[in-house]
>>> print(open('model_32.cif').read())   # mmCIF, C-alpha atoms
data_query
loop_
_atom_site.label_atom_id
_atom_site.label_comp_id
_atom_site.auth_asym_id
_atom_site.auth_seq_id
_atom_site.Cartn_x
_atom_site.Cartn_y
_atom_site.Cartn_z
CA MET Z 1336 -13.68 59.69 -40.53
CA ASN Z 1337 -15.06 56.16 -40.37
CA GLU Z 1338 -11.64 54.55 -40.34
CA HIS Z 1339 -11.36 51.88 -37.65
CA TYR Z 1340 -8.67 49.58 -36.24
CA GLY Z 1341 -7.98 46.43 -38.27
CA ALA Z 1342 -9.01 42.97 -37.13
CA VAL Z 1343 -5.52 42.10 -35.82
CA ALA Z 1344 -5.26 45.29 -33.76
CA ARG Z 1345 -8.76 44.73 -32.37
CA GLY Z 1346 -7.91 41.12 -31.57
CA PHE Z 1347 -4.79 42.20 -29.68
CA HIS Z 1348 -6.71 44.91 -27.85
CA TRP Z 1349 -9.61 42.81 -26.64
CA ALA Z 1350 -7.52 39.74 -25.83
CA MET Z 1351 -5.21 41.95 -23.83
CA ALA Z 1352 -8.13 43.69 -22.10
CA LEU Z 1353 -9.50 40.31 -21.01
CA LEU Z 1354 -6.13 38.98 -19.83
CA VAL Z 1355 -5.12 42.15 -17.98
CA LEU Z 1356 -8.45 42.34 -16.14
CA LEU Z 1357 -8.23 38.62 -15.33
CA ALA Z 1358 -4.68 38.97 -13.97
CA LEU Z 1359 -5.65 42.02 -11.90
CA ALA Z 1360 -8.74 40.27 -10.53
CA LEU Z 1361 -6.83 37.09 -9.65
CA GLY Z 1362 -4.14 39.24 -8.06
CA GLU Z 1363 -6.72 40.97 -5.87
CA VAL Z 1364 -8.47 37.74 -4.88
CA MET Z 1365 -5.39 35.66 -4.12
CA THR Z 1366 -3.79 38.16 -1.76
CA GLU Z 1367 -7.02 38.30 0.28
CA LEU Z 1368 -7.35 34.52 0.66
CA PRO Z 1369 -5.95 32.67 3.69
CA VAL Z 1370 -2.98 30.43 2.88
CA SER Z 1371 -4.58 27.31 1.42
CA PRO Z 1372 -4.18 24.95 -1.53
CA GLN Z 1373 -6.79 27.04 -3.33
CA ARG Z 1374 -4.68 30.15 -2.87
CA LEU Z 1375 -1.55 28.43 -4.21
CA GLU Z 1376 -3.59 27.34 -7.21
CA ILE Z 1377 -4.79 30.88 -7.91
CA TYR Z 1378 -1.24 32.22 -7.55
CA SER Z 1379 -0.21 29.89 -10.35
CA TYR Z 1380 -3.12 30.92 -12.58
CA HIS Z 1381 -2.27 34.56 -11.94
CA LYS Z 1382 1.33 33.93 -13.01
CA TRP Z 1383 0.27 32.02 -16.13
CA VAL Z 1384 -1.99 34.86 -17.22
CA GLY Z 1385 0.78 37.36 -16.45
CA VAL Z 1386 3.32 35.48 -18.55
CA THR Z 1387 0.77 35.33 -21.38
CA VAL Z 1388 0.34 39.11 -21.14
CA LEU Z 1389 4.12 39.57 -21.23
CA GLY Z 1390 4.48 37.45 -24.36
CA LEU Z 1391 1.47 39.00 -26.05
CA VAL Z 1392 2.53 42.58 -25.36
CA LEU Z 1393 5.87 41.99 -27.07
CA VAL Z 1394 4.17 40.65 -30.21
CA ARG Z 1395 1.62 43.45 -30.00
CA LEU Z 1396 4.32 46.12 -29.74
CA LEU Z 1397 6.06 44.75 -32.85
CA TRP Z 1398 2.74 44.85 -34.68
CA ARG Z 1399 2.01 48.35 -33.41
CA LEU Z 1400 5.41 49.66 -34.57
CA ALA Z 1401 4.71 48.36 -38.06
CA HIS Z 1402 1.10 49.62 -38.27
CA ARG Z 1403 -0.22 53.12 -37.74
CA PRO Z 1404 -3.45 53.32 -35.79
CA PRO Z 1405 -6.36 55.16 -37.43
CA ALA Z 1406 -6.37 58.91 -36.80
CA LEU Z 1407 -8.59 60.38 -34.10
CA PRO Z 1408 -11.63 62.32 -35.31
CA ALA Z 1409 -10.75 65.88 -36.35
CA GLY Z 1410 -13.00 67.31 -33.60
CA VAL Z 1411 -10.79 65.97 -30.78
CA PRO Z 1412 -8.79 68.85 -29.27
CA LEU Z 1413 -5.03 68.67 -29.64
CA TRP Z 1414 -4.40 68.34 -25.87
CA GLU Z 1415 -6.79 65.41 -25.65
CA GLN Z 1416 -5.01 63.76 -28.58
CA ARG Z 1417 -1.70 64.21 -26.77
CA VAL Z 1418 -3.04 62.82 -23.50
CA ALA Z 1419 -4.54 59.86 -25.36
CA HIS Z 1420 -1.25 59.25 -27.13
CA VAL Z 1421 0.80 59.33 -23.91
CA THR Z 1422 -1.76 57.14 -22.10
CA HIS Z 1423 -1.58 54.50 -24.81
CA TRP Z 1424 2.20 54.28 -24.67
CA VAL Z 1425 2.24 54.19 -20.85
CA LEU Z 1426 -0.34 51.39 -21.05
CA TYR Z 1427 1.99 49.45 -23.36
CA LEU Z 1428 4.87 50.10 -20.97
CA LEU Z 1429 2.88 48.88 -17.95
CA MET Z 1430 1.55 45.82 -19.78
CA PHE Z 1431 5.25 44.97 -20.12
CA LEU Z 1432 6.55 46.11 -16.70
CA VAL Z 1433 3.80 44.70 -14.48
CA PRO Z 1434 4.27 41.04 -15.50
CA LEU Z 1435 8.05 41.50 -15.72
CA SER Z 1436 8.20 42.83 -12.14
CA GLY Z 1437 6.02 39.90 -11.06
CA TRP Z 1438 8.42 37.43 -12.65
CA LEU Z 1439 11.43 39.14 -11.04
CA MET Z 1440 9.64 39.18 -7.69
CA SER Z 1441 8.83 35.50 -7.94
CA SER Z 1442 12.47 34.68 -8.76
CA ALA Z 1443 13.78 36.78 -5.87
CA LYS Z 1444 11.37 35.08 -3.47
CA GLY Z 1445 12.67 31.68 -4.51
CA PHE Z 1446 9.63 30.53 -6.46
CA PRO Z 1447 10.36 29.98 -10.13
CA VAL Z 1448 7.55 30.62 -12.62
CA VAL Z 1449 6.36 27.41 -14.29
CA TYR Z 1450 4.21 28.46 -17.23
CA LEU Z 1451 1.02 26.38 -17.39
CA GLY Z 1452 2.63 24.07 -14.84
CA ILE Z 1453 4.82 22.70 -17.65
CA TRP Z 1454 7.59 25.06 -18.67
CA GLN Z 1455 9.85 26.40 -15.98
CA LEU Z 1456 11.03 29.88 -16.93
CA PRO Z 1457 14.59 30.84 -16.04
CA ASP Z 1458 15.05 32.77 -12.81
CA MET Z 1459 16.21 36.25 -13.68
CA LEU Z 1460 17.38 36.95 -10.12
CA GLY Z 1461 18.86 34.86 -7.37
CA LYS Z 1462 16.96 34.30 -4.15
CA ASP Z 1463 17.08 37.47 -2.06
CA LYS Z 1464 14.43 38.07 0.58
CA ALA Z 1465 14.83 41.86 0.86
CA LEU Z 1466 14.83 42.28 -2.91
CA GLY Z 1467 11.78 40.03 -3.15
CA HIS Z 1468 9.94 42.25 -0.71
CA LEU Z 1469 10.94 45.40 -2.60
CA LEU Z 1470 9.84 43.89 -5.91
CA GLU Z 1471 6.52 42.88 -4.33
CA ASN Z 1472 5.88 46.56 -3.61
CA VAL Z 1473 7.05 47.61 -7.08
CA HIS Z 1474 4.75 45.01 -8.64
CA ALA Z 1475 1.78 46.22 -6.57
CA VAL Z 1476 2.40 49.91 -7.31
CA LEU Z 1477 2.79 49.27 -11.05
CA ALA Z 1478 -0.31 47.03 -11.08
CA ASN Z 1479 -2.34 49.75 -9.33
CA GLY Z 1480 -1.01 52.22 -11.88
CA LEU Z 1481 -2.11 49.93 -14.68
CA LEU Z 1482 -5.56 49.50 -13.12
CA THR Z 1483 -5.91 53.29 -12.79
CA LEU Z 1484 -4.89 53.91 -16.40
CA VAL Z 1485 -7.22 51.17 -17.65
CA GLY Z 1486 -9.99 52.93 -15.72
CA LEU Z 1487 -9.13 56.28 -17.32
CA HIS Z 1488 -8.88 54.65 -20.74
CA VAL Z 1489 -12.35 53.09 -20.39
CA ALA Z 1490 -13.82 56.34 -18.98
CA ALA Z 1491 -12.36 58.32 -21.92
CA ALA Z 1492 -13.77 55.85 -24.46
CA LEU Z 1493 -17.23 56.06 -22.86
CA LYS Z 1494 -17.04 59.85 -22.67
CA HIS Z 1495 -16.28 60.00 -26.40
CA HIS Z 1496 -19.12 57.67 -27.21
CA PHE Z 1497 -21.88 58.98 -24.96
CA ILE Z 1498 -20.96 62.63 -24.33
CA ASP Z 1499 -18.98 63.76 -27.37
CA ARG Z 1500 -20.96 61.29 -29.49
CA ASP Z 1501 -17.98 60.85 -31.82
CA GLU Z 1502 -16.44 57.80 -33.51
CA VAL Z 1503 -13.51 57.20 -31.13
CA LEU Z 1504 -14.92 54.05 -29.49
CA ALA Z 1505 -16.25 52.83 -32.83
CA ARG Z 1506 -12.64 52.64 -34.05
CA MET Z 1507 -12.22 49.66 -31.72
CA VAL Z 1508 -15.83 48.41 -31.88
CA PRO Z 1509 -16.94 48.80 -35.51
CA HIS Z 1510 -20.48 47.66 -34.61
CA LEU Z 1511 -20.94 50.94 -32.81
CA ARG Z 1512 -20.39 53.08 -35.90
CA ARG Z 1513 -23.08 55.66 -36.24
CA LYS Z 1514 -25.09 55.69 -39.46
CA GLY Z 1515 -24.71 58.61 -41.78
CA MET I 76 13.04 -3.16 26.28
CA LYS I 77 14.84 -3.22 22.96
CA LYS I 78 13.82 0.39 22.38
CA LEU I 79 15.15 1.35 25.78
CA LEU I 80 18.48 -0.28 25.03
CA TRP I 81 18.67 1.66 21.81
CA LEU I 82 17.95 4.90 23.59
CA LEU I 83 20.58 4.15 26.21
CA LEU I 84 23.08 3.33 23.50
CA LEU I 85 22.31 6.53 21.64
CA SER I 86 22.52 8.72 24.70
CA VAL I 87 25.98 7.34 25.39
CA LEU I 88 27.20 7.60 21.81
CA PRO I 89 27.68 11.35 21.48
CA ALA I 90 29.96 11.38 24.50
CA GLN I 91 32.12 8.69 22.99
CA ALA I 92 32.12 9.83 19.40
CA GLN I 93 35.19 11.78 18.49
CA GLN I 94 33.73 12.91 15.22
CA LEU I 95 31.61 16.03 15.25
CA VAL I 96 29.01 17.35 12.88
CA VAL I 97 29.71 21.05 12.33
CA PRO I 98 26.23 22.62 12.34
CA GLU I 99 27.19 25.91 10.70
CA LYS I 100 28.76 24.03 7.81
CA SER I 101 25.95 21.52 7.52
CA LYS I 102 22.55 21.96 5.97
CA ILE I 103 19.22 20.19 5.90
CA SER I 104 16.99 21.38 3.13
CA PHE I 105 14.07 20.15 1.10
CA VAL I 106 12.46 20.80 -2.24
CA TYR I 107 8.67 20.83 -2.36
CA ARG I 108 6.42 21.38 -5.36
CA GLN I 109 3.27 23.47 -5.51
CA MET I 110 1.45 23.43 -8.84
CA ASN I 111 4.66 21.88 -10.19
CA VAL I 112 6.69 24.87 -8.99
CA PRO I 113 9.79 23.67 -7.14
CA ALA I 114 10.72 25.71 -4.08
CA GLU I 115 13.41 25.18 -1.49
CA GLY I 116 13.05 25.17 2.26
CA VAL I 117 15.54 24.67 5.08
CA PHE I 118 15.56 23.66 8.72
CA GLY I 119 17.71 26.20 10.52
CA LYS I 120 18.09 24.30 13.78
CA PHE I 121 19.18 20.71 14.15
CA GLN I 122 21.60 18.59 16.12
CA ALA I 123 23.39 15.67 14.57
CA THR I 124 25.81 13.11 15.85
CA ALA I 125 27.55 10.74 13.52
CA ARG I 126 30.39 8.34 13.30
CA PHE I 127 31.57 7.45 9.87
CA ASP I 128 34.71 5.79 8.62
CA PRO I 129 34.73 5.03 4.89
CA VAL I 130 37.03 2.10 5.61
CA ALA I 131 34.36 0.55 7.81
CA PRO I 132 31.04 2.00 6.64
CA ASN I 133 29.07 -0.80 8.28
CA ALA I 134 30.10 0.54 11.68
CA ALA I 135 28.70 3.97 10.91
CA GLN I 136 26.19 5.52 13.25
CA ALA I 137 24.06 8.60 12.96
CA SER I 138 21.27 10.34 14.72
CA LEU I 139 19.61 13.60 14.02
CA VAL I 140 17.18 15.85 15.87
CA ILE I 141 15.55 18.66 13.90
CA SER I 142 13.55 21.49 15.36
CA PRO I 143 10.57 21.85 12.99
CA ALA I 144 9.91 25.32 14.44
CA SER I 145 13.08 26.46 12.65
CA ILE I 146 11.61 25.76 9.22
CA ASP I 147 11.97 28.30 6.43
CA THR I 148 9.82 27.50 3.42
CA SER I 149 10.92 30.64 1.53
CA SER I 150 7.61 32.25 2.47
CA ASP I 151 6.73 33.87 5.80
CA GLU I 152 3.10 32.84 5.44
CA GLY I 153 4.22 29.35 4.50
CA ASN I 154 6.31 29.16 7.69
CA GLU I 155 3.35 30.04 9.87
CA ILE I 156 1.31 27.28 8.26
CA ALA I 157 4.20 24.78 8.39
CA VAL I 158 4.59 24.93 12.18
CA GLY I 159 0.81 24.87 12.71
CA GLN I 160 -1.46 21.95 13.52
CA ASP I 161 -2.08 20.84 9.94
CA TRP I 162 1.64 20.44 9.35
CA PHE I 163 4.44 19.86 11.86
CA ASP I 164 2.32 20.87 14.87
CA ALA I 165 5.61 22.05 16.35
CA LYS I 166 4.17 22.89 19.76
CA ARG I 167 3.01 19.33 20.36
CA TYR I 168 5.86 17.69 18.46
CA PRO I 169 8.89 19.94 18.93
CA GLU I 170 11.32 17.39 17.50
CA VAL I 171 11.77 15.48 14.29
CA ARG I 172 14.08 12.54 14.87
CA PHE I 173 16.11 10.27 12.68
CA VAL I 174 18.17 7.31 13.83
CA ALA I 175 20.28 5.34 11.38
CA THR I 176 20.00 1.58 11.66
CA ARG I 177 22.35 0.49 8.91
CA VAL I 178 24.91 1.86 6.47
CA ALA I 179 26.36 -0.13 3.59
CA PRO I 180 28.70 0.67 0.70
CA ALA I 181 26.94 1.32 -2.64
CA GLY I 182 29.73 2.03 -5.12
CA THR I 183 32.83 4.21 -5.05
CA GLY I 184 32.40 6.96 -2.50
CA ARG I 185 28.72 6.14 -2.31
CA TYR I 186 26.76 4.58 0.50
CA ALA I 187 23.27 3.48 1.36
CA LEU I 188 21.68 4.48 4.60
CA TRP I 189 18.68 2.99 6.40
CA GLY I 190 17.00 4.34 9.45
CA ASN I 191 13.83 5.37 11.21
CA LEU I 192 12.35 8.79 10.88
CA THR I 193 9.90 10.07 13.46
CA VAL I 194 7.72 13.02 12.57
CA LYS I 195 4.61 14.01 14.47
CA GLY I 196 4.70 10.82 16.51
CA ARG I 197 4.82 8.65 13.41
CA THR I 198 7.89 6.49 12.87
CA ARG I 199 8.57 5.21 9.39
CA PRO I 200 11.58 3.44 7.90
CA VAL I 201 13.43 5.52 5.33
CA SER I 202 16.48 4.91 3.18
CA ALA I 203 18.80 7.20 1.26
CA TYR I 204 22.00 7.21 -0.70
CA PHE I 205 24.80 9.55 0.21
CA THR I 206 28.29 10.36 -0.96
CA ALA I 207 31.36 11.01 1.17
CA LYS I 208 34.11 13.39 0.09
CA ARG I 209 37.18 14.57 1.92
CA GLU I 210 36.89 18.13 3.20
CA GLY I 211 39.73 19.76 5.10
CA SER I 212 42.41 17.68 6.83
CA ASP I 213 40.19 15.31 8.78
CA GLY I 214 36.72 16.13 7.56
CA TRP I 215 34.14 14.31 5.51
CA ARG I 216 31.41 15.97 3.55
CA LEU I 217 28.37 13.73 3.48
CA ASP I 218 25.78 14.65 0.85
CA GLY I 219 22.58 12.82 0.30
CA SER I 220 18.94 13.11 -0.53
CA VAL I 221 15.81 11.14 0.02
CA PRO I 222 12.35 11.50 -1.49
CA LEU I 223 9.75 11.34 1.27
CA LYS I 224 5.98 11.17 1.06
CA ARG I 225 4.71 13.96 3.27
CA LEU I 226 1.38 12.21 3.90
CA ASP I 227 3.19 9.22 5.45
CA PHE I 228 3.88 11.57 8.33
CA ALA I 229 0.53 13.38 8.31
CA LEU I 230 2.25 16.49 6.99
CA GLY I 231 -0.64 18.40 5.53
CA GLU I 232 -3.99 17.65 7.08
CA GLY I 233 -7.43 18.94 6.17
CA ASP I 234 -7.43 20.73 2.80
CA TRP I 235 -3.67 20.16 2.57
CA LYS I 236 -4.20 16.43 2.05
CA ASP I 237 -4.87 17.27 -1.55
CA THR I 238 -1.71 16.41 -3.49
CA ALA I 239 -2.82 17.97 -6.79
CA THR I 240 -1.72 21.41 -5.61
CA LEU I 241 1.04 20.49 -3.19
CA ALA I 242 2.86 17.33 -4.25
CA ASN I 243 3.11 14.40 -1.86
CA THR I 244 6.78 13.80 -2.64
CA VAL I 245 9.23 16.13 -0.94
CA GLU I 246 12.93 15.74 -1.70
CA VAL I 247 14.86 16.07 1.54
CA LYS I 248 18.55 16.85 1.16
CA PHE I 249 21.33 16.80 3.69
CA SER I 250 24.87 18.03 3.50
CA MET I 251 26.87 17.37 6.65
CA LEU I 252 30.41 18.26 7.54
CA LEU I 253 31.86 15.66 9.84
CA THR I 254 35.23 16.42 11.43
CA GLY I 255 37.57 14.48 13.67
CA GLN I 256 39.00 10.98 13.66
CA PRO I 257 36.48 8.16 13.49
#
>>> encode(input="model_32.cif", output="structure tokens")
Amino acid sequence: MNEHYGAVARGFHWAMALLVLLALALGEVMTELPVSPQRLEIYSYHKWVGVTVLGLVLVRLLWRLAHRPPALPAGVPLWEQRVAHVTHWVLYLLMFLVPLSGWLMSSAKGFPVVYLGIWQLPDMLGKDKALGHLLENVHAVLANGLLTLVGLHVAAALKHHFIDRDEVLARMVPHLRRKG
Amino acid sequence: MKKLLWLLLLSVLPAQAQQLVVPEKSKISFVYRQMNVPAEGVFGKFQATARFDPVAPNAAQASLVISPASIDTSSDEGNEIAVGQDWFDAKRYPEVRFVATRVAPAGTGRYALWGNLTVKGRTRPVSAYFTAKREGSDGWRLDGSVPLKRLDFALGEGDWKDTATLANTVEVKFSMLLTGQP
């Protein structure tokens, strides 16, 4: 049971981990800042990272549908396998929905998304203040959901590695494989 | 003295002018750019008087008073900042004023407009092109735009002087419905 994720899957996973955490952190910071040029700047960075996540998750999903992940170790109880399975798919869903809701929210508020300050993405909704406010809440709730699931996902990986002392985490970090 | 004469002339004009600007069918908006993201804002409250006859454009007259407190930048937080001291300082300067000094034809249905714009106690000459189209039986729709440099009027002080985040050029657009016989 030493099968681990391939290099492409690991690349997707860790790139996505970095980007999602960055977007969440920027999102937290920017909403706390007073209105200032610095805040406007961080808003843009947040949106750029979000759009990158949205693009990457689509490519990642295509890859995932064409490649089976390595099986979980035989010792993992069936219910845990099911929870892990559901969590992974909800994570995929949120990695898609969180940036999408952000884009929709931005459109509704009358601020188009200009990726990297160069490419203006089409507005998917017309300007609508009430809808913008609603989407702001949707975006925040979904983002908090994503943060919670990421937390659970990390906690589960650590639990497998340090408590169960199995090979679950090593599937994504081959360096951690136990000898023998 | 010259200024006083102008003021007298302008205060008399609205009473004489038979043409009226219809506020609810007119709009003053602007496009500003933050991190290269274009966003639209509007001024909800303004008063305009104008006289315009396309047959005699040189005799045209126009004046405009905008209430900067009525600004909507598309963002509630943005609005708070916009009326504050670093921007329009609307408490100290409750009016933005424009007075046209000259209008001249600039092609078919197109005209050039010169005038003085006063924002925050700073008066600067500005010029714009506009078009005139028939609307209704005796109305004219006047559409125009003018790129302004916000820093010419001290719009954005302190940290906001930085133009890398918030561009200096703001495209101001006007669309006025003028009714009545000139």
>>> residues_around(input="model_32.cif", residues="I:Ala114", least_positions_apart="4", cutoff="12 Å", atoms="only C-alpha atoms", output="PyMOL selection string")
(chain Z and resi 1441-1449+1455+1462) or (chain I and resi 104-110+147-150+153+241-242+245-247)
>>> closest_residue(input="model_32.cif", among="I:Glu152, I:Glu170, I:Asp213, I:Glu232", to="chain Z", atoms="only C-alpha atoms")
I:Glu152
>>> resolve_selection(input="model_32.cif", expression="the PyMOL selection byres ((chain I) within 6 of (chain Z))", output="ChimeraX atom specification")
/I:111-112,114,240
>>> residues_around(input="model_32.cif", residues="Z:Ala1475", least_positions_apart="4", cutoff="12 Å", atoms="all atoms listed in the file", output="PDB file with C-alpha atoms, in the coordinates of the input")
ATOM      1  CA  LEU Z1359      -5.650  42.020 -11.900  1.00  0.00           C
ATOM      2  CA  GLY Z1362      -4.140  39.240  -8.060  1.00  0.00           C
ATOM      3  CA  GLU Z1363      -6.720  40.970  -5.870  1.00  0.00           C
ATOM      4  CA  THR Z1366      -3.790  38.160  -1.760  1.00  0.00           C
ATOM      5  CA  LEU Z1429       2.880  48.880 -17.950  1.00  0.00           C
ATOM      6  CA  LEU Z1432       6.550  46.110 -16.700  1.00  0.00           C
ATOM      7  CA  VAL Z1433       3.800  44.700 -14.480  1.00  0.00           C
ATOM      8  CA  PRO Z1434       4.270  41.040 -15.500  1.00  0.00           C
ATOM      9  CA  SER Z1436       8.200  42.830 -12.140  1.00  0.00           C
ATOM     10  CA  GLY Z1437       6.020  39.900 -11.060  1.00  0.00           C
ATOM     11  CA  MET Z1440       9.640  39.180  -7.690  1.00  0.00           C
ATOM     12  CA  HIS Z1468       9.940  42.250  -0.710  1.00  0.00           C
ATOM     13  CA  LEU Z1469      10.940  45.400  -2.600  1.00  0.00           C
ATOM     14  CA  LEU Z1470       9.840  43.890  -5.910  1.00  0.00           C
ATOM     15  CA  GLU Z1471       6.520  42.880  -4.330  1.00  0.00           C
ATOM     16  CA  ASN Z1479      -2.340  49.750  -9.330  1.00  0.00           C
ATOM     17  CA  GLY Z1480      -1.010  52.220 -11.880  1.00  0.00           C
ATOM     18  CA  LEU Z1481      -2.110  49.930 -14.680  1.00  0.00           C
ATOM     19  CA  LEU Z1482      -5.560  49.500 -13.120  1.00  0.00           C
TER      20      LEU Z1482
END
>>> closest_residue(input="model_32.cif", among="I:Pro113, I:Pro257, I:Gly182, I:Lys224", to="I:Thr238", atoms="all atoms listed in the file")
I:Lys224
>>> residues_around(input="model_32.cif", residues="stretch 184-186 of chain I", least_positions_apart="6", cutoff="9 Å", atoms="only C-alpha atoms", output="number ranges by chain")
I: 129, 132, 178, 203-208
>>> atom_distance(input="model_32.cif", atom1="atom CA of I:Glu99", atom2="atom CA of I:Ile156")
26.0 Å
>>> residues_around(input="model_32.cif", residues="stretch 1397-1402 of chain Z", least_positions_apart="6", cutoff="12 Å", atoms="all atoms listed in the file", output="compact mmCIF listing (two decimals) with C-alpha atoms, in the coordinates of the input")
# COMPACT_ATOMS: atom_id res chain seq x y z
CA TYR Z 1340 -8.67 49.58 -36.24
CA GLY Z 1341 -7.98 46.43 -38.27
CA VAL Z 1343 -5.52 42.10 -35.82
CA ALA Z 1344 -5.26 45.29 -33.76
CA ARG Z 1345 -8.76 44.73 -32.37
CA GLY Z 1346 -7.91 41.12 -31.57
CA PHE Z 1347 -4.79 42.20 -29.68
CA HIS Z 1348 -6.71 44.91 -27.85
CA GLY Z 1390 4.48 37.45 -24.36
CA LEU Z 1391 1.47 39.00 -26.05
CA HIS Z 1423 -1.58 54.50 -24.81
CA TRP Z 1424 2.20 54.28 -24.67
CA TYR Z 1427 1.99 49.45 -23.36
>>> resolve_selection(input="model_32.cif", expression="the PyMOL selection byres ((chain Z and resi 1495) around 12)", output="JSON, numbers by chain")
{"Z": [1407, 1408, 1410, 1411, 1412, 1415, 1419, 1488, 1489, 1490, 1491, 1492, 1493, 1494, 1496, 1497, 1498, 1499, 1500, 1501, 1502, 1503, 1504, 1505, 1506]}
>>> atom_distance(input="model_32.cif", atom1="atom CA of I:Gly231", atom2="atom CA of I:Asp164")
10.1 Å
>>> atom_distance(input="model_32.cif", atom1="atom CA of Z:Leu1361", atom2="atom CA of Z:His1381")
5.7 Å
>>> closest_residue(input="model_32.cif", among="I:Ile141, I:Leu95, I:Val130, I:Thr254", to="I:Thr183", atoms="all atoms listed in the file")
I:Val130
>>> resolve_selection(input="model_32.cif", expression="the PyMOL selection byres ((chain I and resi 197) around 12)", output="MDAnalysis selection string")
chainID I and resid 163 168 170:173 191:196 198:200 225:230
>>> closest_residue(input="model_32.cif", among="I:Met251, I:Val174, I:Ala181, I:Val201", to="I:Leu139", atoms="all atoms listed in the file")
I:Val174
>>> residues_near_point(input="model_32.cif", point="(22.8, 10.7, 12.9)", cutoff="7 Å", atoms="all atoms listed in the file", output="list of chain:residue names")
I:Ala123, I:Thr124, I:Ala125, I:Gln136, I:Ala137, I:Ser138, I:Leu139, I:Phe173, I:Val174, I:Ala175
>>> closest_residue(input="model_32.cif", among="Z:Arg1417, Z:Arg1403, Z:His1474, Z:His1339", to="Z:Leu1439", atoms="all atoms listed in the file")
Z:His1474
